[in-house]
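The structure file final-v5.pdb is reproduced below (PDB, C-alpha atoms, pLDDT in the B column).
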```pdb
ATOM      1  CA  LEU A1270      66.509  45.867 -18.147  1.00 42.00           C
ATOM      2  CA  HIS A1271      69.856  47.507 -18.722  1.00 49.00           C
ATOM      3  CA  PRO A1272      69.779  50.559 -20.949  1.00 58.00           C
ATOM      4  CA  ALA A1273      71.573  49.857 -24.202  1.00 65.00           C
ATOM      5  CA  LYS A1274      74.299  52.082 -25.512  1.00 68.00           C
ATOM      6  CA  LYS A1275      72.980  54.296 -28.300  1.00 66.00           C
ATOM      7  CA  PRO A1276      74.157  52.819 -31.639  1.00 60.00           C
ATOM      8  CA  THR A1277      76.231  54.950 -33.984  1.00 61.00           C
ATOM      9  CA  TRP A1278      76.822  52.531 -36.863  1.00 52.00           C
ATOM     10  CA  GLY A1279      75.439  49.352 -38.423  1.00 48.00           C
ATOM     11  CA  PRO A1280      75.431  47.354 -41.673  1.00 45.00           C
ATOM     12  CA  ASN A1281      74.208  49.488 -44.569  1.00 48.00           C
ATOM     13  CA  TRP A1282      73.816  52.264 -42.020  1.00 48.00           C
ATOM     14  CA  ASP A1283      73.978  54.907 -44.699  1.00 50.00           C
ATOM     15  CA  GLU A1284      71.290  53.215 -46.784  1.00 56.00           C
ATOM     16  CA  GLU A1285      68.724  52.065 -44.265  1.00 56.00           C
ATOM     17  CA  ILE A1286      65.617  54.200 -44.096  1.00 58.00           C
ATOM     18  CA  GLY A1287      64.863  54.788 -40.468  1.00 68.00           C
ATOM     19  CA  ALA A1288      62.817  57.088 -38.315  1.00 75.00           C
ATOM     20  CA  GLY A1289      61.802  57.585 -34.734  1.00 80.00           C
ATOM     21  CA  GLU A1290      63.897  58.500 -31.732  1.00 82.00           C
ATOM     22  CA  TYR A1291      66.190  56.148 -29.850  1.00 81.00           C
ATOM     23  CA  PRO A1292      65.261  53.781 -28.215  1.00 83.00           C
ATOM     24  CA  ASN A1293      61.991  53.666 -30.206  1.00 82.00           C
ATOM     25  CA  SER A1294      63.457  53.873 -33.672  1.00 78.00           C
ATOM     26  CA  TYR A1295      62.400  51.698 -36.565  1.00 72.00           C
ATOM     27  CA  PHE A1296      63.799  50.785 -39.954  1.00 69.00           C
ATOM     28  CA  PHE A1297      62.368  49.971 -43.343  1.00 66.00           C
ATOM     29  CA  TYR A1298      64.131  46.976 -44.885  1.00 68.00           C
ATOM     30  CA  LEU A1299      64.575  47.100 -48.640  1.00 72.00           C
ATOM     31  CA  PRO A1300      65.650  43.811 -50.224  1.00 76.00           C
ATOM     32  CA  ARG A1301      68.189  44.433 -52.938  1.00 76.00           C
ATOM     33  CA  LEU A1302      67.428  42.350 -56.005  1.00 85.00           C
ATOM     34  CA  CYS A1303      69.233  42.629 -59.295  1.00 92.00           C
ATOM     35  CA  ASN A1304      67.449  45.477 -61.073  1.00 93.00           C
ATOM     36  CA  ALA A1305      67.608  43.724 -64.471  1.00 95.00           C
ATOM     37  CA  CYS A1306      68.719  47.041 -65.916  1.00 96.00           C
ATOM     38  CA  SER A1307      67.993  47.880 -69.530  1.00 95.00           C
ATOM     39  CA  LYS A1308      71.592  49.169 -69.696  1.00 96.00           C
ATOM     40  CA  PRO A1309      73.368  47.055 -67.037  1.00 97.00           C
ATOM     41  CA  PRO A1310      76.674  48.680 -66.014  1.00 97.00           C
ATOM     42  CA  CYS A1311      77.827  45.405 -64.454  1.00 96.00           C
ATOM     43  CA  VAL A1312      77.822  43.696 -67.857  1.00 96.00           C
ATOM     44  CA  GLU A1313      79.766  46.517 -69.486  1.00 95.00           C
ATOM     45  CA  ALA A1314      82.349  46.586 -66.688  1.00 95.00           C
ATOM     46  CA  CYS A1315      83.107  42.853 -66.609  1.00 93.00           C
ATOM     47  CA  PRO A1316      86.240  41.957 -68.575  1.00 90.00           C
ATOM     48  CA  GLY A1317      84.902  38.392 -68.909  1.00 91.00           C
ATOM     49  CA  ARG A1318      81.637  39.432 -70.595  1.00 91.00           C
ATOM     50  CA  LEU A1319      83.061  38.372 -73.973  1.00 90.00           C
ATOM     51  CA  TYR A1320      83.388  34.842 -72.567  1.00 91.00           C
ATOM     52  CA  GLY A1321      79.830  34.714 -71.223  1.00 93.00           C
ATOM     53  CA  VAL A1322      80.709  35.415 -67.592  1.00 93.00           C
ATOM     54  CA  ILE A1323      77.888  37.942 -67.347  1.00 95.00           C
ATOM     55  CA  TYR A1324      75.161  38.755 -69.850  1.00 96.00           C
ATOM     56  CA  LYS A1325      71.593  39.985 -70.172  1.00 96.00           C
ATOM     57  CA  ARG A1326      69.104  37.450 -71.487  1.00 95.00           C
ATOM     58  CA  GLU A1327      67.119  38.749 -74.453  1.00 93.00           C
ATOM     59  CA  ALA A1328      64.001  36.695 -73.688  1.00 91.00           C
ATOM     60  CA  ASP A1329      63.259  38.062 -70.223  1.00 92.00           C
ATOM     61  CA  GLY A1330      65.896  40.702 -69.407  1.00 94.00           C
ATOM     62  CA  ILE A1331      67.446  38.761 -66.529  1.00 95.00           C
ATOM     63  CA  VAL A1332      71.128  39.561 -65.996  1.00 96.00           C
ATOM     64  CA  VAL A1333      72.975  36.289 -65.471  1.00 96.00           C
ATOM     65  CA  LEU A1334      76.370  35.989 -63.807  1.00 94.00           C
ATOM     66  CA  ASN A1335      77.821  32.540 -64.458  1.00 91.00           C
ATOM     67  CA  ASP A1336      79.850  31.853 -61.307  1.00 84.00           C
ATOM     68  CA  GLU A1337      81.619  28.851 -62.863  1.00 85.00           C
ATOM     69  CA  LYS A1338      82.890  30.936 -65.785  1.00 88.00           C
ATOM     70  CA  CYS A1339      83.703  33.737 -63.356  1.00 86.00           C
ATOM     71  CA  GLN A1340      85.852  31.287 -61.407  1.00 79.00           C
ATOM     72  CA  ASP A1341      87.632  30.178 -64.582  1.00 71.00           C
ATOM     73  CA  THR A1342      88.601  33.755 -65.478  1.00 71.00           C
ATOM     74  CA  VAL A1343      90.597  36.156 -63.377  1.00 68.00           C
ATOM     75  CA  CYS A1344      87.738  37.876 -61.578  1.00 72.00           C
ATOM     76  CA  SER A1345      88.545  41.487 -60.901  1.00 80.00           C
ATOM     77  CA  HIS A1346      85.145  42.241 -59.333  1.00 86.00           C
ATOM     78  CA  GLU A1347      84.649  45.119 -61.783  1.00 91.00           C
ATOM     79  CA  CYS A1348      81.001  44.097 -62.073  1.00 92.00           C
ATOM     80  CA  MET A1349      80.604  44.507 -58.327  1.00 90.00           C
ATOM     81  CA  ARG A1350      82.131  47.976 -58.377  1.00 90.00           C
ATOM     82  CA  ALA A1351      80.019  49.021 -61.370  1.00 94.00           C
ATOM     83  CA  CYS A1352      76.639  48.006 -59.919  1.00 93.00           C
ATOM     84  CA  PRO A1353      75.099  51.132 -58.346  1.00 90.00           C
ATOM     85  CA  TYR A1354      72.534  48.979 -56.525  1.00 89.00           C
ATOM     86  CA  LYS A1355      75.163  46.927 -54.648  1.00 87.00           C
ATOM     87  CA  VAL A1356      73.605  43.581 -55.495  1.00 89.00           C
ATOM     88  CA  ILE A1357      76.762  41.781 -56.631  1.00 90.00           C
ATOM     89  CA  TYR A1358      78.850  40.268 -53.860  1.00 86.00           C
ATOM     90  CA  ASN A1359      81.857  38.024 -53.242  1.00 83.00           C
ATOM     91  CA  HIS A1360      81.288  34.292 -53.094  1.00 77.00           C
ATOM     92  CA  THR A1361      81.827  33.287 -49.455  1.00 76.00           C
ATOM     93  CA  ALA A1362      84.017  30.259 -50.196  1.00 81.00           C
ATOM     94  CA  LEU A1363      85.646  31.471 -53.415  1.00 80.00           C
ATOM     95  CA  PRO A1364      87.128  34.958 -52.943  1.00 77.00           C
ATOM     96  CA  ASN A1365      87.799  35.440 -56.665  1.00 82.00           C
ATOM     97  CA  VAL A1366      84.206  34.806 -57.718  1.00 87.00           C
ATOM     98  CA  SER A1367      81.342  37.289 -57.864  1.00 89.00           C
ATOM     99  CA  MET A1368      77.703  36.289 -57.333  1.00 89.00           C
ATOM    100  CA  MET A1369      74.312  37.950 -57.604  1.00 91.00           C
ATOM    101  CA  CYS A1370      70.573  37.309 -57.614  1.00 90.00           C
ATOM    102  CA  ASN A1371      69.461  35.472 -60.751  1.00 91.00           C
ATOM    103  CA  PHE A1372      65.746  35.478 -59.893  1.00 92.00           C
ATOM    104  CA  CYS A1373      66.075  31.758 -59.131  1.00 93.00           C
ATOM    105  CA  LEU A1374      66.460  31.109 -62.846  1.00 93.00           C
ATOM    106  CA  PRO A1375      66.336  27.294 -62.586  1.00 94.00           C
ATOM    107  CA  ARG A1376      63.016  27.612 -60.768  1.00 95.00           C
ATOM    108  CA  LEU A1377      61.592  30.130 -63.240  1.00 92.00           C
ATOM    109  CA  GLU A1378      62.555  27.915 -66.171  1.00 93.00           C
ATOM    110  CA  ARG A1379      60.534  25.077 -64.569  1.00 95.00           C
ATOM    111  CA  GLY A1380      57.535  27.376 -64.072  1.00 93.00           C
ATOM    112  CA  VAL A1381      58.065  27.681 -60.304  1.00 95.00           C
ATOM    113  CA  ALA A1382      58.056  31.108 -58.654  1.00 92.00           C
ATOM    114  CA  ALA A1383      61.341  32.535 -57.372  1.00 92.00           C
ATOM    115  CA  ALA A1384      62.092  31.814 -53.712  1.00 92.00           C
ATOM    116  CA  CYS A1385      61.630  35.469 -52.683  1.00 89.00           C
ATOM    117  CA  VAL A1386      58.138  35.424 -54.202  1.00 90.00           C
ATOM    118  CA  ARG A1387      57.156  32.106 -52.592  1.00 91.00           C
ATOM    119  CA  GLN A1388      58.615  32.899 -49.171  1.00 90.00           C
ATOM    120  CA  CYS A1389      57.430  36.489 -48.695  1.00 84.00           C
ATOM    121  CA  PRO A1390      54.931  36.299 -45.807  1.00 83.00           C
ATOM    122  CA  GLY A1391      53.184  39.487 -46.885  1.00 78.00           C
ATOM    123  CA  ARG A1392      52.977  38.436 -50.546  1.00 80.00           C
ATOM    124  CA  ALA A1393      54.671  41.730 -51.390  1.00 81.00           C
ATOM    125  CA  VAL A1394      57.100  40.377 -54.005  1.00 85.00           C
ATOM    126  CA  TRP A1395      55.902  39.834 -57.567  1.00 86.00           C
ATOM    127  CA  ILE A1396      57.751  38.985 -60.775  1.00 88.00           C
ATOM    128  CA  ASP A1397      56.071  39.794 -64.064  1.00 89.00           C
ATOM    129  CA  PHE A1398      56.634  41.608 -67.340  1.00 91.00           C
ATOM    130  CA  LEU A1399      55.798  45.303 -67.323  1.00 91.00           C
ATOM    131  CA  ASP A1400      53.965  44.989 -70.656  1.00 92.00           C
ATOM    132  CA  ASN A1401      51.519  42.410 -69.220  1.00 93.00           C
ATOM    133  CA  ASP A1402      48.588  44.800 -68.779  1.00 95.00           C
ATOM    134  CA  ARG A1403      46.652  42.189 -66.762  1.00 95.00           C
ATOM    135  CA  GLY A1404      49.478  41.591 -64.279  1.00 93.00           C
ATOM    136  CA  SER A1405      49.866  43.012 -60.793  1.00 91.00           C
ATOM    137  CA  VAL A1406      53.180  44.675 -61.624  1.00 93.00           C
ATOM    138  CA  TYR A1407      51.641  46.574 -64.542  1.00 95.00           C
ATOM    139  CA  GLN A1408      48.789  47.714 -62.303  1.00 95.00           C
ATOM    140  CA  LEU A1409      51.123  48.891 -59.517  1.00 94.00           C
ATOM    141  CA  VAL A1410      53.389  50.805 -61.902  1.00 95.00           C
ATOM    142  CA  ASN A1411      51.088  52.113 -64.630  1.00 95.00           C
ATOM    143  CA  THR A1412      47.525  52.153 -63.296  1.00 96.00           C
ATOM    144  CA  TRP A1413      47.888  52.973 -59.607  1.00 95.00           C
ATOM    145  CA  LYS A1414      51.328  54.624 -60.012  1.00 94.00           C
ATOM    146  CA  VAL A1415      52.531  53.552 -56.563  1.00 93.00           C
ATOM    147  CA  ALA A1416      55.622  51.529 -57.545  1.00 92.00           C
ATOM    148  CA  LEU A1417      58.859  53.277 -58.435  1.00 92.00           C
ATOM    149  CA  PRO A1418      62.304  52.160 -59.643  1.00 92.00           C
ATOM    150  CA  LEU A1419      65.401  52.773 -57.518  1.00 88.00           C
ATOM    151  CA  HIS A1420      67.578  55.626 -58.748  1.00 90.00           C
ATOM    152  CA  PRO A1421      66.217  56.110 -62.272  1.00 93.00           C
ATOM    153  CA  GLU A1422      68.482  59.179 -62.490  1.00 95.00           C
ATOM    154  CA  LEU A1423      71.510  56.871 -62.891  1.00 94.00           C
ATOM    155  CA  GLY A1424      70.444  56.045 -66.456  1.00 96.00           C
ATOM    156  CA  THR A1425      70.721  52.265 -66.061  1.00 96.00           C
ATOM    157  CA  GLY A1426      67.040  51.686 -66.813  1.00 95.00           C
ATOM    158  CA  PRO A1427      66.163  49.643 -63.701  1.00 94.00           C
ATOM    159  CA  ASN A1428      63.296  47.215 -64.242  1.00 93.00           C
ATOM    160  CA  ILE A1429      62.560  46.422 -60.606  1.00 91.00           C
ATOM    161  CA  TYR A1430      59.952  48.563 -58.882  1.00 91.00           C
ATOM    162  CA  TYR A1431      59.374  49.182 -55.192  1.00 88.00           C
ATOM    163  CA  ILE A1432      56.445  50.646 -53.305  1.00 85.00           C
ATOM    164  CA  PRO A1433      57.941  53.217 -50.942  1.00 79.00           C
ATOM    165  CA  PRO A1434      56.857  53.269 -47.289  1.00 71.00           C
ATOM    166  CA  LEU A1435      54.363  55.840 -46.130  1.00 68.00           C
ATOM    167  CA  SER A1436      56.046  58.647 -44.249  1.00 56.00           C
TER
END
```

Let's see the structure in the file written out as C-alpha cells.
Amino acid sequence: LHPAKKPTWGPNWDEEIGAGEYPNSYFFYLPRLCNACSKPPCVEACPGRLYGVIYKREADGIVVLNDEKCQDTVCSHECMRACPYKVIYNHTALPNVSMMCNFCLPRLERGVAAACVRQCPGRAVWIDFLDNDRGSVYQLVNTWKVALPLHPELGTGPNIYYIPPLS
C-alpha cells in the first residue's frame, strides 16, 4: 500500500465532526434536513414568499419551497443565504431555482414514511410531532433528554432534534 498524502481540506470540512489521528481518523456524518423552524429565516428572506414560493404549512410546520414558482420568479437565492443550517441548495439543472428537503411531502400526504425514514439502515430517523407524548420523538426529547436541536441559540426555533455522538 502506498501511504496517502495527509488531507488538508474536504467538503464541509469546517462542519464535519471528526476525531482520531491520521491515518486512523473518523467522522460523524450529520444529515442536514430542513429544521422546520418555528421562525424560518428562509421564508422571511425570500422575495417571492408573497407569491407562495416558500411558506410554512400551518398543519404540520413543514417549510415548503415550490420549485416551479421559484423558477417563475427571479430567484435571488436569498432563502439559501438566510438558512443557517445550509439545507437549501441550487437546482442542478436550473441554476436560478432553489431546492430543499420537503420531508417527502407527497409520500407523507399518502401516509407513507419519508424516504430518509424508510431507508435508514439503523432506523435512526423518525418523524413525529413533539406533542405526541406516546411517540419516540417525544420520548427522546422530553423523557430521556438525549435529543437536541441544532443551534437553538440562533433563535429560529428548530424543530428537528439530533442525538449527539458519544465522545

Would you write out, as a ChimeraX atom specification, every residue that the PyMOL selection byres ((chain A and resi 1353) around 10) captures in this file?
/A:1304,1309-1311,1348-1352,1354-1357,1419-1420,1423,1425

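For the pair atom CA of Val1415 of chain A and atom CA of Pro1300 of chain A, the interatomic distance is 17.5 Å.
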
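The nearest approach to Ala1328 of chain A among the residues A:Glu1422, A:Glu1378, A:Glu1290, A:Asp1402, with all atoms listed in the file taken into account, belongs to A:Glu1378.
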
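Residues selected in this file by the PyMOL selection byres ((chain A and resi 1417) around 8) comprise Val1410, Lys1414, Val1415, Ala1416, Pro1418, Leu1419, Tyr1430, Tyr1431, Ile1432 and Pro1433 of chain A.
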
Test item: the PyMOL selection byres ((chain A and resi 1384) around 12) resolved as an NGL selection string
:A and (1370-1377 or 1381-1383 or 1385-1390 or 1392 or 1394-1396)

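The gap separating atom CA of Asn1428 of chain A from atom CA of Arg1318 of chain A is 20.9 Å, in Å to one decimal.
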